[in-house]
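K.L.:
After the structure tokens below, expect a handful of questions from me.
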There are 2 protein chains.
Amino acid sequence: MDKKIPYKIYLSEDELPDQWYNVRADMKTKPAPLLNPATHQPVTLDEMSRIFCTELARQELDNDTPYIDIPGEILDFYKMYRPAPLVRAYFLEKALDTPAKIYYKFEGNNTSGSHKLNSAIAQAYYAKKQGLKGVTTETGAGQWGTALSMACAYFDLDCKVYMVKVSYEQKPFRREVMRTYGADVTPSPSETTKVGREILAKFPGTSGSLGCAISEAVETAVNSEGYRYVLGSVLSQVLLHQSVIGLETMTACDKYGIKPDIIIGCAGGGSNLGGLISPFMGRKLRGEADYRFIAVEPASCPSLTRGRYAYDFCDTGMVCPLSKMYTLGSGFIPSPNHAGGLRYHGMSSVLSELYDEGLIEAKSVEQTAVFEAATQFARIEGTLPAPESSHAIRAAIDEALRCKETGEEKTILFGLTGTGYFDMVAYQKFNDGLMSDYIPTDDELDKSFEQLPKV
Amino acid sequence: MDKKIPYKIYLSEDELPDQWYNVRADMKTKPAPLLNPATHQPVTLDEMSRIFCTELARQELDNDTPYIDIPGEILDFYKMYRPAPLVRAYFLEKALDTPAKIYYKFEGNNTSGSHKLNSAIAQAYYAKKQGLKGVTTETGAGQWGTALSMACAYFDLDCKVYMVKVSYEQKPFRREVMRTYGADVTPSPSETTKVGREILAKFPGTSGSLGCAISEAVETAVNSEGYRYVLGSVLSQVLLHQSVIGLETMTACDKYGIKPDIIIGCAGGGSNLGGLISPFMGRKLRGEADYRFIAVEPASCPSLTRGRYAYDFCDTGMVCPLSKMYTLGSGFIPSPNHAGGLRYHGMSSVLSELYDEGLIEAKSVEQTAVFEAATQFARIEGTLPAPESSHAIRAAIDEALRCKETGEEKTILFGLTGTGYFDMVAYQKFNDGLMSDYIPTDDELDKSFEQLPKV
């Protein structure tokens with residue numbers, strides 16, 4: 001071990017960031033504006049505020065303020081589970097026999113099991129401050145729903161979660177954690193909403209999708225007095241809150257003289273990747289430093305690597321604003337054999353713009369290779385990773401092995417977003433040799449692209 | 001918040017203990033010796049070494065050495081998940097409106113989900129150092145088996161786990177985590193051992209017990225070339241390894257001027273309680289400080305509060321050494337409605353002796369009250385606690401509420417041994433209002449005591 005770098009770097013509480021960083025402020029080309037789905041005009045704060053909490057809508061539309069104060073109540077809550085450690089993967093380096101130095105920022109040390117809590121508590125706080133009764137949301141793999149349940153329990157807010165039906169059935173314990181925190185969990189599509197009933201009528205027996213669950217949650221929020229809708233990824237406000245990951249990481253790196261060459265994160269809607277890279281990207285945009293950023297997505301849901309950069313619906317019911325993003329089409333549903341999250345059809349408009357400008361690379365990986373990396377990592381580094389996080393592990397191991405070939409001593413940093421305790425059905429499938437890969441065909445994607453709105 | 005005490009105290013790596021503390025060295029009356037079950041004579045190192053790794057047998061018999069160096073390989077592994085934070089429960093204090101100060105040492109930030117890894121890695125290390133091929137063990141709630149699987153994966157040792165059948169069935173995901181770490185998991189009683197076959201013949205349809213799983217694991221170890229048996233609790237060597245919990249806690253307390261009045265831990269076999277209190281008990285035994293120690297056990301398995309202090313079998317098959325301990329009789333099996341661990345019939349001989357001398361108090365709590373405390377804690381402090389740990393939470397909350405009545409500003413410290421991610425079946429039962437309590441009758445216990453050996 002390098003005596004100068006501890007196995008785990010924990011910042012002290014007074015080193016924690018007290019402002020979020022808004023990477024949009026440093027982007028020359030701002031992400032394209034959200035559009036009203038009916039008028040195709042940029043959405044106004046007033047329109048946004050019917051769906052979202054007003055302060056969150058304001059953050060969503062703010063492309064200019066670089067730093068936003070984190071309210072004291074949120075800072076207090078962050079202290080319950082933050083700082084998250086920046087871990088030097090000494091054991092993994094040794095096992096791979098690589099000259100690369102590998103670090104990971106571990107966000108799994110909280111009951112939601114992921115980084116999602118960083119934005120959940122912020123969104124719950126603003127909902128409470130606005131005097132709301134509760135919030136509605138959707139959840140896929142379940143980390144976001146769990147995080148929001150925890151945040152709502154803390155602020156004594158009502159929490160209604162629409163959980164993608166396949167996850168609801170495959171992850172009954174996720175549902176139970178949410179219930180323990182007092183949330184109301186409904187499998188989606190459901191009979192409780194108009195959009196849910198329509199989808200059930202059109203596709204009886206559907207296993208659901210995030211896009212559909214979003215539509216149900218939005219419908220419920222809009223029709224319930226004192227409720228707003230909240231979302232755990234994709235949105236620019238979420239990336240803002242998640243910047244706490246990157247800010248802590250950067251402080252730790254600067255403190256110990258760590259200079260990452262490559263920064264890797266898994267990418268579904270972009271919340272973790274965006275949060276981790278934001279402050280580093282800021283430095284790159286301001287010309288202060290350079291980094292390679294790699295977004296890793298599932299080959300079965302390849303929005304960056306095979307999607308179109310276009311305006312699309314954020315939800316199946318087409319009630320949300322249109323967003324310009326890399327997308328597979330709002331009707332795209334990953335193959336049922338796809339385990340875990342990262343199953344959203346689109347990508348954060350911020351990350352989409354940065355990717356389009358060539359500031360971020362993207363690669364897709366197949367899930368058997370992901371679970372191989374996950375198992376290897378678990379046995380060597382101890383922590384059982386979430387399938388989503390393991391996409392980043394796969395890419396980090398591949399980069400480290402490339403360094404072994406070339407002899408380069410690169411510094412690789414990746415986001416370990418969460419733990420896999422609620423993903424044992426998928427691990428069992430892998431352990432039993434029953435996991436397979438599915439890559440959508442070009443024809444499938446072309447058909448899905450036909451649904452893109454004409455904007 | 002008290003600005004001087006952070007929400008979470010993390011020691012730096014150079015503050016971590018590099019020696020374990022052996023509380024037996026400071027005990028005036030040593031725990032009674034283990035006896036050979038056939039001869040009723042104190043077991044020798046040679047006899048012990050047929051079952052246990054030689055170095056571990058040596059530690060088991062060592063009542064005199066106060067400090068034992070932690071080997072470097074174990075220290076390295078500890079750094080993967082230690083230091084464990086000492087948390088100030090600011091939010092719980094506020095919610096209870098108590099003048100008491102509440103702290104907890106949180107041992108759940110690792111994939112085993114509990115403190116068990118502290119001893120698992122030590123036992124795996126000594127097995128590897130002895131050149132063994134593998135180890136066998138039993139597991140009840142599953143934390144120990146998971147911890148041992150992780151430790152064996154790290155040292156590339158074979159790991160055979162006998163898992164109490166009721167847990168094997170109720171916790172398939174625990175089994176799957178162990179498999180992910182490469183362990184071989186068998187539900188107990190099984191057909192793979194003589195003792196298992198006998199128990200199955202005598203009690204067809206039995207849901208198993210820890211005592212039975214121990215017998216199977218010991219039989220397999222003794223009959224397999226290059227294998228030894230390892231145990232996750234009860235033994236004095238385990239308390240020695242677990243002293244790392246108490247040593248870290250004491251260093252953190254001393255550093256911040258925290259003086260606990262009451263130290264609380266849940267107690268099944270005693271591994272967590274013994275580890276947490278050992279160094280504090282050392283101070284008490286040496287007359288340097290005074291503390292109240294409270295062992296909290298389930299009312300359904302009340303070995304300290306209602307057991308006999310007598311020599312008893314450690315396992316159902318009666319192959320292990322006899323231990324003098326507080327016991328309910330080796331045939332005692334908690335009611336099937338008992339959720340979670342803490343289901344062993346006996347108690348650490350070290351803790352038994354300390355309890356007998358009045359140096360430790362004990363109380364028993366009913367499981368519905370435990371799950372009430374668990375849910376309250378989860379919603380207020382964020383972390384979803386293991387049912388076992390929640391026994392300590394219950395007692396800590398009760399003490400804090402007592403302080404509220406009396407106005408005393410006591411400092412209460414408890415061990416939060418782990419997380420409840422694999423206990424959602426039990427939480428669901430509680431959430432659905434289907435959980436009930438069972439307290440064994442005096443007649444039941446008297447009948448069980450009849451099986452105590454005549455020593």
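Every chain in the structure tokens has a letter given in the order shown (A, B, ...), and although residue numbers restart at 1 in each chain, ligands are simply numbered from 1 in the order shown.
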Do you have, as CSV, the list of residues of region 134-234 of chain B lying at most 12 Å from region 415-438 of chain B, each with its nearest atom pair and that distance in Å to one decimal, counting only C-alpha atoms and ordered by chain then number?
P.N.:
residue,atom,partner,partner_atom,distance
B:Ala141,CA,B:Asp423,CA,8.7
B:Gly142,CA,B:Phe422,CA,8.8
B:Gln143,CA,B:Gly418,CA,8.7
B:Trp144,CA,B:Gly418,CA,11.3
B:Thr146,CA,B:Phe422,CA,11.3
B:Ala147,CA,B:Gly418,CA,11.9
B:Ser167,CA,B:Asp423,CA,10.1
B:Tyr168,CA,B:Phe422,CA,11.7
B:Glu169,CA,B:Val425,CA,11.1
B:Gln170,CA,B:Val425,CA,7.4
B:Lys171,CA,B:Phe422,CA,6.8
B:Pro172,CA,B:Phe422,CA,9.1
B:Phe173,CA,B:Phe422,CA,7.1
B:Arg174,CA,B:Phe422,CA,6.6
B:Arg175,CA,B:Phe422,CA,10.3
B:Glu176,CA,B:Phe422,CA,11.1
B:Val177,CA,B:Phe422,CA,10.3
K.L.:
Region 52-126 of chain A: which residues are helix (DSSP H, G or I) by DSSP, as number ranges by chain?
P.N.:
A: 54-61, 72-81, 90-96, 117-126
K.L.:
Based on the selection just made, write N, CA and C atoms of those residues as a tab-separated table (two decimals), in the first residue's frame.
P.N.:
chain	number	residue	atom	x	y	z
A	54	THR	N	-41.91	24.42	-6.75
A	54	THR	CA	-41.50	25.65	-7.41
A	54	THR	C	-39.98	25.86	-7.38
A	55	GLU	N	-39.37	25.66	-6.22
A	55	GLU	CA	-37.94	25.89	-6.11
A	55	GLU	C	-37.16	24.91	-7.00
A	56	LEU	N	-37.68	23.69	-7.11
A	56	LEU	CA	-37.02	22.70	-7.95
A	56	LEU	C	-37.19	23.06	-9.43
A	57	ALA	N	-38.36	23.57	-9.78
A	57	ALA	CA	-38.58	24.03	-11.16
A	57	ALA	C	-37.60	25.15	-11.49
A	58	ARG	N	-37.39	26.02	-10.49
A	58	ARG	CA	-36.45	27.13	-10.68
A	58	ARG	C	-35.03	26.58	-10.93
A	59	GLN	N	-34.63	25.60	-10.14
A	59	GLN	CA	-33.31	24.99	-10.33
A	59	GLN	C	-33.22	24.32	-11.70
A	60	GLU	N	-34.34	23.75	-12.13
A	60	GLU	CA	-34.36	23.05	-13.41
A	60	GLU	C	-34.08	24.01	-14.56
A	61	LEU	N	-34.59	25.20	-14.41
A	61	LEU	CA	-34.48	26.18	-15.50
A	61	LEU	C	-33.22	27.06	-15.39
A	72	GLY	N	-29.36	24.33	5.24
A	72	GLY	CA	-28.85	23.70	6.47
A	72	GLY	C	-29.52	22.39	6.82
A	73	GLU	N	-30.83	22.30	6.63
A	73	GLU	CA	-31.54	21.06	6.97
A	73	GLU	C	-31.05	19.91	6.09
A	74	ILE	N	-30.73	20.22	4.84
A	74	ILE	CA	-30.23	19.17	3.95
A	74	ILE	C	-28.81	18.79	4.35
A	75	LEU	N	-28.00	19.79	4.69
A	75	LEU	CA	-26.64	19.51	5.16
A	75	LEU	C	-26.67	18.60	6.39
A	76	ASP	N	-27.60	18.87	7.30
A	76	ASP	CA	-27.72	18.02	8.50
A	76	ASP	C	-28.02	16.59	8.10
A	77	PHE	N	-28.96	16.43	7.19
A	77	PHE	CA	-29.32	15.07	6.76
A	77	PHE	C	-28.14	14.40	6.05
A	78	TYR	N	-27.45	15.16	5.21
A	78	TYR	CA	-26.28	14.60	4.52
A	78	TYR	C	-25.29	14.01	5.53
A	79	LYS	N	-25.20	14.64	6.69
A	79	LYS	CA	-24.24	14.17	7.69
A	79	LYS	C	-24.60	12.80	8.26
A	80	MET	N	-25.87	12.40	8.07
A	80	MET	CA	-26.26	11.06	8.52
A	80	MET	C	-25.53	9.98	7.73
A	81	TYR	N	-25.18	10.24	6.50
A	81	TYR	CA	-24.57	9.17	5.69
A	81	TYR	C	-23.40	9.66	4.85
A	90	TYR	N	-6.82	-0.89	-3.62
A	90	TYR	CA	-5.52	-1.55	-3.55
A	90	TYR	C	-5.60	-3.04	-3.88
A	91	PHE	N	-6.65	-3.68	-3.37
A	91	PHE	CA	-6.75	-5.14	-3.54
A	91	PHE	C	-7.05	-5.49	-4.99
A	92	LEU	N	-7.89	-4.68	-5.61
A	92	LEU	CA	-8.23	-4.92	-7.01
A	92	LEU	C	-7.00	-4.67	-7.89
A	93	GLU	N	-6.28	-3.60	-7.62
A	93	GLU	CA	-5.05	-3.32	-8.39
A	93	GLU	C	-4.11	-4.52	-8.33
A	94	LYS	N	-3.96	-5.04	-7.12
A	94	LYS	CA	-3.03	-6.16	-6.91
A	94	LYS	C	-3.52	-7.40	-7.67
A	95	ALA	N	-4.82	-7.67	-7.55
A	95	ALA	CA	-5.38	-8.86	-8.20
A	95	ALA	C	-5.27	-8.75	-9.73
A	96	LEU	N	-5.41	-7.55	-10.25
A	96	LEU	CA	-5.33	-7.36	-11.70
A	96	LEU	C	-3.87	-7.23	-12.16
A	117	LEU	N	-30.19	9.09	-2.55
A	117	LEU	CA	-30.61	9.86	-1.39
A	117	LEU	C	-30.18	11.33	-1.47
A	118	ASN	N	-29.07	11.58	-2.18
A	118	ASN	CA	-28.55	12.95	-2.29
A	118	ASN	C	-29.58	13.92	-2.88
A	119	SER	N	-30.32	13.43	-3.86
A	119	SER	CA	-31.34	14.29	-4.47
A	119	SER	C	-32.69	14.12	-3.78
A	120	ALA	N	-32.96	12.91	-3.28
A	120	ALA	CA	-34.25	12.66	-2.63
A	120	ALA	C	-34.46	13.61	-1.46
A	121	ILE	N	-33.43	13.78	-0.65
A	121	ILE	CA	-33.61	14.64	0.54
A	121	ILE	C	-33.77	16.09	0.13
A	122	ALA	N	-33.10	16.47	-0.96
A	122	ALA	CA	-33.25	17.85	-1.44
A	122	ALA	C	-34.68	18.08	-1.94
A	123	GLN	N	-35.18	17.14	-2.71
A	123	GLN	CA	-36.51	17.30	-3.28
A	123	GLN	C	-37.58	17.26	-2.19
A	124	ALA	N	-37.39	16.37	-1.21
A	124	ALA	CA	-38.36	16.31	-0.10
A	124	ALA	C	-38.31	17.61	0.70
A	125	TYR	N	-37.12	18.14	0.89
A	125	TYR	CA	-36.98	19.39	1.65
A	125	TYR	C	-37.77	20.52	0.99
A	126	TYR	N	-37.58	20.67	-0.32
A	126	TYR	CA	-38.27	21.78	-1.01
A	126	TYR	C	-39.79	21.56	-1.03
K.L.:
To one decimal place in Å, what is the distance between CA of Leu35 (chain A) and CA of Pro321 (chain A)?
P.N.:
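Value for the CA of Leu35 (chain A)-CA of Pro321 (chain A) distance: 5.3 Å.
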K.L.:
Could you pull out the strand (DSSP E or B) residues of region 205-359 of chain A, going by DSSP on the backbone, and write them as a list of chain:residue names?
P.N.:
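These are the residues in question: A:Tyr227, A:Arg228, A:Tyr229, A:Ile262, A:Ile263, A:Ile264, A:Gly265, A:Cys266, A:Arg292, A:Phe293, A:Ile294, A:Ala295, A:Val296, A:Glu297, A:Pro298, A:Arg308, A:Tyr309, A:Ala310, A:Tyr311, A:Asp312, A:Phe313, A:Leu322, A:Ser323, A:Lys324, A:Met325, A:Tyr326, A:Thr327, A:Gly346.
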K.L.:
Excluding Phe449 (chain A) and residues on its chain fewer than 3 positions from it, collect all residues at most 8 Å away from it, counting only C-alpha atoms, and give them as a PyMOL selection string.
P.N.:
chain A and resi 308+328-329+445-446+452
K.L.:
Just checking: using only C-alpha atoms, which residue out of A:Leu354, A:Leu273, A:Ile393, A:Leu384 ends up closest to chain B?
P.N.:
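Result for the nearest residue to chain B: A:Leu384.
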